[in-house]
Amino acid sequence: MKNLIAVLRFYFSTFYALPALKDSQGKVSSKSILKLLGIVVLAVYFGGSFGFLAWQLYANLYKVFASIGIQRLILVYALLYGSVYIILISFVSSFSTIYTNEMEAYLSTLPVRSSFLLTGKAAALAVPEFLFTLIIMGTAFIVYGMNEQAAWLFYINGVLILLLVTLLIVTISYCISIPLLAMGRIFRNRDVTMIVMGFIVMFGVLYLNTSINRILAFTEDPAKIISMLQASNETFLNLLDAFPPLQFIVKSLLDAANPVYVFLLFMILAAVLFLSFGVFTVLAPLYQRVIQGFSEQYIKKMNRAQSVSFLRTNTGRQSPLMALFLREFRSMNREPVYFLNGPFIIILLPVILGISLYFSMGDQGSLGEITTLARSNFTPVQQVLVSIVTGAFLGSATSITCTSLSRDAKHIGYIKTLPVSSSLYLGAKLIHGMLFGLIGCLVAAAVSIVLFQVDEPLVVLVLASSFVLTLLFNVLGLYIDTVNPQLRWENPVAAMKQNVNAVIMMLLEMLSLGALGFAGFMWVKDLGTLMLILLTLPLVVTVVLLLLYFPLGIGTLRRLEV
Amino acid sequence: MITLQGVSKTYNKNKTKALDSINLTIPDGCIFGFLGPNGAGKTTTIKLITGALEADSGTISVDGHELPGASLAARQTIGYVPDNPELFSRLKGIEFLNFIADLYGVDREKRQRAIDTYTRRFEIADVMSARVGSYSRGMKQKLLICGSLLPDPQNWILDEPLIGLDPQAAFSLKTIMRERAQAGKCVFFSTHVMEVAEKICDQLAIIKKGEIVFTGTLDELRSIKGKDSSLESLFLELVENEGA
């Protein structure tokens, strides 16, 4: 039992890497309190944002359902629809975290039962899964309970159901991922799993986006929902005859005042808990085999003739700046964790935005209708403004510069020994960020042409202005990661996804561009003012920041001790 | 030639003293071994010379270029093999070597010749198209050694270079060290392996808790201690008793 607790503590501390309240000397400092508070604020912000979105969705649904007396359907909907997402998230998380780094192989050599290792990992994964379940499913329960003035036992049952769903889904996810990894050699490679999971998440996000937009569009036409529901003439619970577990869960919520259901749910939860541990014990040997054979490397060796020819054709001279840029580009974009969470955003975001736009404009709309709607809803100045803000957001959302030093981390010491000035090293990072930034700006320019059909000189303005704003945000990203680089990490995820600098930058971009967009819509009526606010002023600020950045960056790098 | 005069270095905001006013002269044309127990300050000294760290006080000069002022010029004369070979795992072997050669400004012809020579000597020419991340520790170490030799540096600095090398590669490394010293270049390396130091070093320095406790040849060490013992026993005697 001691071992299991030690494993649980290990996985929780390594998975979440939360800042401790006490520093290394065991003292509570103002810095550590501030760090912890910051994390709490961010967690509340993100949780609140998703919670608010879910609340709006279910409140909307409830309103429509209640108007025709079928509000109980919201519970079925949340249980079914929510389960699909939780299964997706849970499967992706379990599959991609079975092997995180070499530490897994080391752990499997320690005198700890592999069933404990698997249970510890599953428990660490179950915490965020429960939070997802709470948002995706629990929000519907709360909306329903509050509107129906449900008994307090309804909420107890609700929590028990959420725990039950989380536990079941996490266990099932491992039941699928471990045998899959054991069978398929191709999956036992961190790069392959990251790419596969990245695409699954991408399609999941797209599906979520599409379906949410469809639901929101439905609410405008309750008759459509009525007609869909009228197709079934069974009583509400009889509809669920084919799904006894679902029927039982819905019944336990609808008949929550009966305390028998609390007892039954408790008993089921205990049984599932016991069963899950049993499943992990059975899966443990297979899990150990997967861990031990993970990331086996195969090096393709050339024969002498091939290597002579290869070395001759692949040995060429570049300028130091180009060499630094190529190193930066290859190091980031060949690492799936970095690429999928960084530059790939430029591809993903326009697709999501396009789908949102398509459905928000009406699901029957052709491109012509959409452009007509877009042109008629916005003034020419607003059309340019929307395009610029879109370009600036796309161009700066890649997190390239705001994680650039953090990603290099342990390499910085070595790079400092090479005969190249720090300004070139930092400049290469900015160029890398701006290369992808430019792609984002071009996408925005294309949007302005296709969607708003703006004139050519204005397209140039869109391109120039979004480029300048992108440059501004990328320079700010460099500042943030230079002043506060995250240099202690064992896993690339920590340098990118868990990097507070990326979160700060994303919030800063969203707030600044939101404020600029709002101000533009409210007060800017002519192109001259628009140019002043979105081109001239940002350009001046960017130039000043750039001039100040390089001395700061060089000095910071010189003092940096890795 | 590399000289350090009164060099001190502290970590953790002056709480941990890593080097305490050390003086060291590493001449050209010899193999200079730098010995000391774990945490004695070997890697810190090497990082100060190569520019990875800055000294708190004292002067460091590399071929007349004083650090940190003339750091760039000094680094141009140094080929460095760090103690940790985990570098740039996403680059291919050839990309790493080209990167190093580009930063040192090695021209195409010279780099082709050097890459061919050293990758064959360390038997990694056949894996140049593979990613560094797929290499074994020894192969990564060999790649770093090859990279450090591409610009034909006047000062070759190696931090624990023998760790992870197979006997054949270790032999090649020692041979190249001797060749370079004979060509009048400076070879400075840290090691824990006393047998290697005993066999190949022309001069030695022993560091303990941030202080140099001996500099000179092995014969000088023997004469000071009045014993005709192995370097290992002399070293142990020195680091256990000296200053205790």
# chains A, B, ... in the order shown; residues from 1 in each chain; ligands from 1
call {"tool": "residues_around", "arguments": {"residues": "Gly164 of chain B", "least_positions_apart": "4", "cutoff": "10 Å", "atoms": "only C-alpha atoms", "output": "JSON, numbers by chain"}}
result
{"B": [85, 136, 137, 138, 139, 140, 141, 142, 160, 169, 170]}
call {"tool": "interface_residues", "arguments": {"of": "chain A", "to": "chain B", "cutoff": "6 Å", "atoms": "only C-alpha atoms", "output": "PDB file with N, CA and C atoms, in the first residue's frame"}}
result
ATOM      1  N   GLN A 297      14.840   2.232 -31.153  1.00  0.00           N
ATOM      2  CA  GLN A 297      15.328   2.990 -32.293  1.00  0.00           C
ATOM      3  C   GLN A 297      15.973   2.060 -33.310  1.00  0.00           C
ATOM      4  N   LYS A 301      21.626   2.242 -41.601  1.00  0.00           N
ATOM      5  CA  LYS A 301      23.032   2.506 -41.883  1.00  0.00           C
ATOM      6  C   LYS A 301      23.303   2.459 -43.385  1.00  0.00           C
ATOM      7  N   MET A 302      24.202   3.332 -43.815  1.00  0.00           N
ATOM      8  CA  MET A 302      24.548   3.365 -45.244  1.00  0.00           C
ATOM      9  C   MET A 302      25.808   2.516 -45.458  1.00  0.00           C
ATOM     10  N   SER A 307      27.547   6.277 -48.157  1.00  0.00           N
ATOM     11  CA  SER A 307      27.939   7.341 -47.212  1.00  0.00           C
ATOM     12  C   SER A 307      28.872   8.351 -47.879  1.00  0.00           C
ATOM     13  N   GLY A 316      27.340  21.356 -47.268  1.00  0.00           N
ATOM     14  CA  GLY A 316      27.322  22.658 -47.943  1.00  0.00           C
ATOM     15  C   GLY A 316      27.442  23.766 -46.929  1.00  0.00           C
ATOM     16  N   ARG A 317      27.819  24.941 -47.404  1.00  0.00           N
ATOM     17  CA  ARG A 317      28.040  26.049 -46.476  1.00  0.00           C
ATOM     18  C   ARG A 317      26.855  27.015 -46.475  1.00  0.00           C
ATOM     19  N   GLN A 318      26.471  27.436 -45.283  1.00  0.00           N
ATOM     20  CA  GLN A 318      25.412  28.440 -45.110  1.00  0.00           C
ATOM     21  C   GLN A 318      25.985  29.580 -44.270  1.00  0.00           C
ATOM     22  N   PRO A 320      25.995  31.946 -40.930  1.00  0.00           N
ATOM     23  CA  PRO A 320      25.652  31.594 -39.543  1.00  0.00           C
ATOM     24  C   PRO A 320      24.176  31.824 -39.217  1.00  0.00           C
ATOM     25  N   ALA A 323      22.227  29.075 -40.714  1.00  0.00           N
ATOM     26  CA  ALA A 323      22.489  27.835 -39.971  1.00  0.00           C
ATOM     27  C   ALA A 323      21.683  27.818 -38.671  1.00  0.00           C
ATOM     28  N   SER A 331      14.550  21.813 -35.319  1.00  0.00           N
ATOM     29  CA  SER A 331      14.365  21.344 -33.937  1.00  0.00           C
ATOM     30  C   SER A 331      12.908  21.471 -33.510  1.00  0.00           C
ATOM     31  N   GLY A 413      23.644  26.353 -22.866  1.00  0.00           N
ATOM     32  CA  GLY A 413      25.031  26.361 -22.393  1.00  0.00           C
ATOM     33  C   GLY A 413      25.997  26.042 -23.522  1.00  0.00           C
ATOM     34  N   LYS A 416      26.172  28.813 -26.238  1.00  0.00           N
ATOM     35  CA  LYS A 416      26.979  29.957 -25.795  1.00  0.00           C
ATOM     36  C   LYS A 416      28.475  29.743 -26.032  1.00  0.00           C
ATOM     37  N   THR A 417      28.888  28.478 -26.192  1.00  0.00           N
ATOM     38  CA  THR A 417      30.316  28.224 -26.409  1.00  0.00           C
ATOM     39  C   THR A 417      30.687  28.330 -27.893  1.00  0.00           C
ATOM     40  N   PRO A 419      31.109  30.078 -31.648  1.00  0.00           N
ATOM     41  CA  PRO A 419      31.546  31.429 -32.030  1.00  0.00           C
ATOM     42  C   PRO A 419      30.507  32.189 -32.855  1.00  0.00           C
TER      43      PRO A 419
END
call {"tool": "select_by_dssp", "arguments": {"residues": "segment 60-102 of chain B", "states": "strand (DSSP E or B)", "output": "PyMOL selection string"}}
result
chain B and resi 60-62+65-67+78-81+92
call {"tool": "write_last_selection", "arguments": {"atoms": "all heavy atoms", "output": "JSON list (two decimals), in the first residue's frame"}}
result
[["chain", "number", "residue", "atom", "x", "y", "z"],
["B", 60, "ILE", "N", 40.43, 35.45, -17.46],
["B", 60, "ILE", "CA", 40.61, 34.24, -18.28],
["B", 60, "ILE", "C", 41.06, 34.71, -19.65],
["B", 60, "ILE", "O", 40.43, 35.61, -20.24],
["B", 60, "ILE", "CB", 39.30, 33.44, -18.40],
["B", 60, "ILE", "CG1", 38.80, 33.01, -17.02],
["B", 60, "ILE", "CG2", 39.50, 32.21, -19.30],
["B", 60, "ILE", "CD1", 37.42, 32.39, -17.02],
["B", 61, "SER", "N", 42.12, 34.11, -20.14],
["B", 61, "SER", "CA", 42.62, 34.51, -21.46],
["B", 61, "SER", "C", 42.82, 33.27, -22.33],
["B", 61, "SER", "O", 43.39, 32.28, -21.89],
["B", 61, "SER", "CB", 43.93, 35.28, -21.26],
["B", 61, "SER", "OG", 44.62, 35.35, -22.47],
["B", 62, "VAL", "N", 42.29, 33.33, -23.54],
["B", 62, "VAL", "CA", 42.44, 32.22, -24.49],
["B", 62, "VAL", "C", 43.19, 32.76, -25.71],
["B", 62, "VAL", "O", 42.66, 33.60, -26.44],
["B", 62, "VAL", "CB", 41.06, 31.66, -24.91],
["B", 62, "VAL", "CG1", 41.21, 30.50, -25.88],
["B", 62, "VAL", "CG2", 40.25, 31.23, -23.70],
["B", 65, "HIS", "N", 43.06, 36.38, -26.03],
["B", 65, "HIS", "CA", 41.73, 37.00, -26.03],
["B", 65, "HIS", "C", 41.14, 36.90, -24.62],
["B", 65, "HIS", "O", 40.92, 35.79, -24.12],
["B", 65, "HIS", "CB", 40.79, 36.30, -27.00],
["B", 65, "HIS", "CG", 41.31, 36.21, -28.40],
["B", 65, "HIS", "ND1", 41.50, 37.32, -29.19],
["B", 65, "HIS", "CD2", 41.70, 35.15, -29.14],
["B", 65, "HIS", "CE1", 41.98, 36.93, -30.36],
["B", 65, "HIS", "NE2", 42.11, 35.62, -30.35],
["B", 66, "GLU", "N", 40.92, 38.05, -24.02],
["B", 66, "GLU", "CA", 40.42, 38.02, -22.64],
["B", 66, "GLU", "C", 38.90, 37.89, -22.60],
["B", 66, "GLU", "O", 38.19, 38.54, -23.36],
["B", 66, "GLU", "CB", 40.85, 39.29, -21.91],
["B", 66, "GLU", "CG", 42.18, 39.09, -21.22],
["B", 66, "GLU", "CD", 42.44, 40.06, -20.09],
["B", 66, "GLU", "OE1", 41.49, 40.63, -19.53],
["B", 66, "GLU", "OE2", 43.63, 40.24, -19.78],
["B", 67, "LEU", "N", 38.45, 37.07, -21.68],
["B", 67, "LEU", "CA", 37.00, 36.88, -21.51],
["B", 67, "LEU", "C", 36.48, 37.80, -20.40],
["B", 67, "LEU", "O", 37.23, 38.08, -19.47],
["B", 67, "LEU", "CB", 36.70, 35.42, -21.13],
["B", 67, "LEU", "CG", 37.16, 34.34, -22.11],
["B", 67, "LEU", "CD1", 36.75, 32.97, -21.56],
["B", 67, "LEU", "CD2", 36.55, 34.55, -23.47],
["B", 78, "ILE", "N", 38.33, 27.77, -30.06],
["B", 78, "ILE", "CA", 38.07, 26.61, -29.19],
["B", 78, "ILE", "C", 37.18, 25.57, -29.88],
["B", 78, "ILE", "O", 36.16, 25.92, -30.48],
["B", 78, "ILE", "CB", 37.37, 27.07, -27.87],
["B", 78, "ILE", "CG1", 38.33, 27.93, -27.04],
["B", 78, "ILE", "CG2", 36.90, 25.87, -27.05],
["B", 78, "ILE", "CD1", 37.67, 28.57, -25.82],
["B", 79, "GLY", "N", 37.56, 24.32, -29.74],
["B", 79, "GLY", "CA", 36.67, 23.22, -30.11],
["B", 79, "GLY", "C", 36.29, 22.55, -28.80],
["B", 79, "GLY", "O", 37.17, 22.19, -28.02],
["B", 80, "TYR", "N", 34.99, 22.41, -28.56],
["B", 80, "TYR", "CA", 34.56, 21.99, -27.22],
["B", 80, "TYR", "C", 33.68, 20.74, -27.29],
["B", 80, "TYR", "O", 32.75, 20.66, -28.09],
["B", 80, "TYR", "CB", 33.80, 23.16, -26.59],
["B", 80, "TYR", "CG", 33.01, 22.87, -25.33],
["B", 80, "TYR", "CD1", 33.59, 22.23, -24.24],
["B", 80, "TYR", "CD2", 31.68, 23.27, -25.22],
["B", 80, "TYR", "CE1", 32.86, 21.98, -23.08],
["B", 80, "TYR", "CE2", 30.95, 23.05, -24.07],
["B", 80, "TYR", "CZ", 31.55, 22.39, -23.00],
["B", 80, "TYR", "OH", 30.82, 22.17, -21.86],
["B", 81, "VAL", "N", 33.98, 19.79, -26.41],
["B", 81, "VAL", "CA", 33.14, 18.59, -26.27],
["B", 81, "VAL", "C", 32.53, 18.63, -24.87],
["B", 81, "VAL", "O", 33.24, 18.45, -23.88],
["B", 81, "VAL", "CB", 33.97, 17.29, -26.44],
["B", 81, "VAL", "CG1", 33.08, 16.06, -26.29],
["B", 81, "VAL", "CG2", 34.65, 17.27, -27.80],
["B", 92, "LYS", "N", 19.72, 15.69, -38.01],
["B", 92, "LYS", "CA", 20.46, 14.52, -38.50],
["B", 92, "LYS", "C", 21.94, 14.74, -38.20],
["B", 92, "LYS", "O", 22.37, 15.88, -38.05],
["B", 92, "LYS", "CB", 20.26, 14.38, -40.01],
["B", 92, "LYS", "CG", 18.84, 14.02, -40.40],
["B", 92, "LYS", "CD", 18.68, 14.04, -41.89],
["B", 92, "LYS", "CE", 17.22, 13.76, -42.25],
["B", 92, "LYS", "NZ", 16.94, 13.99, -43.67]]
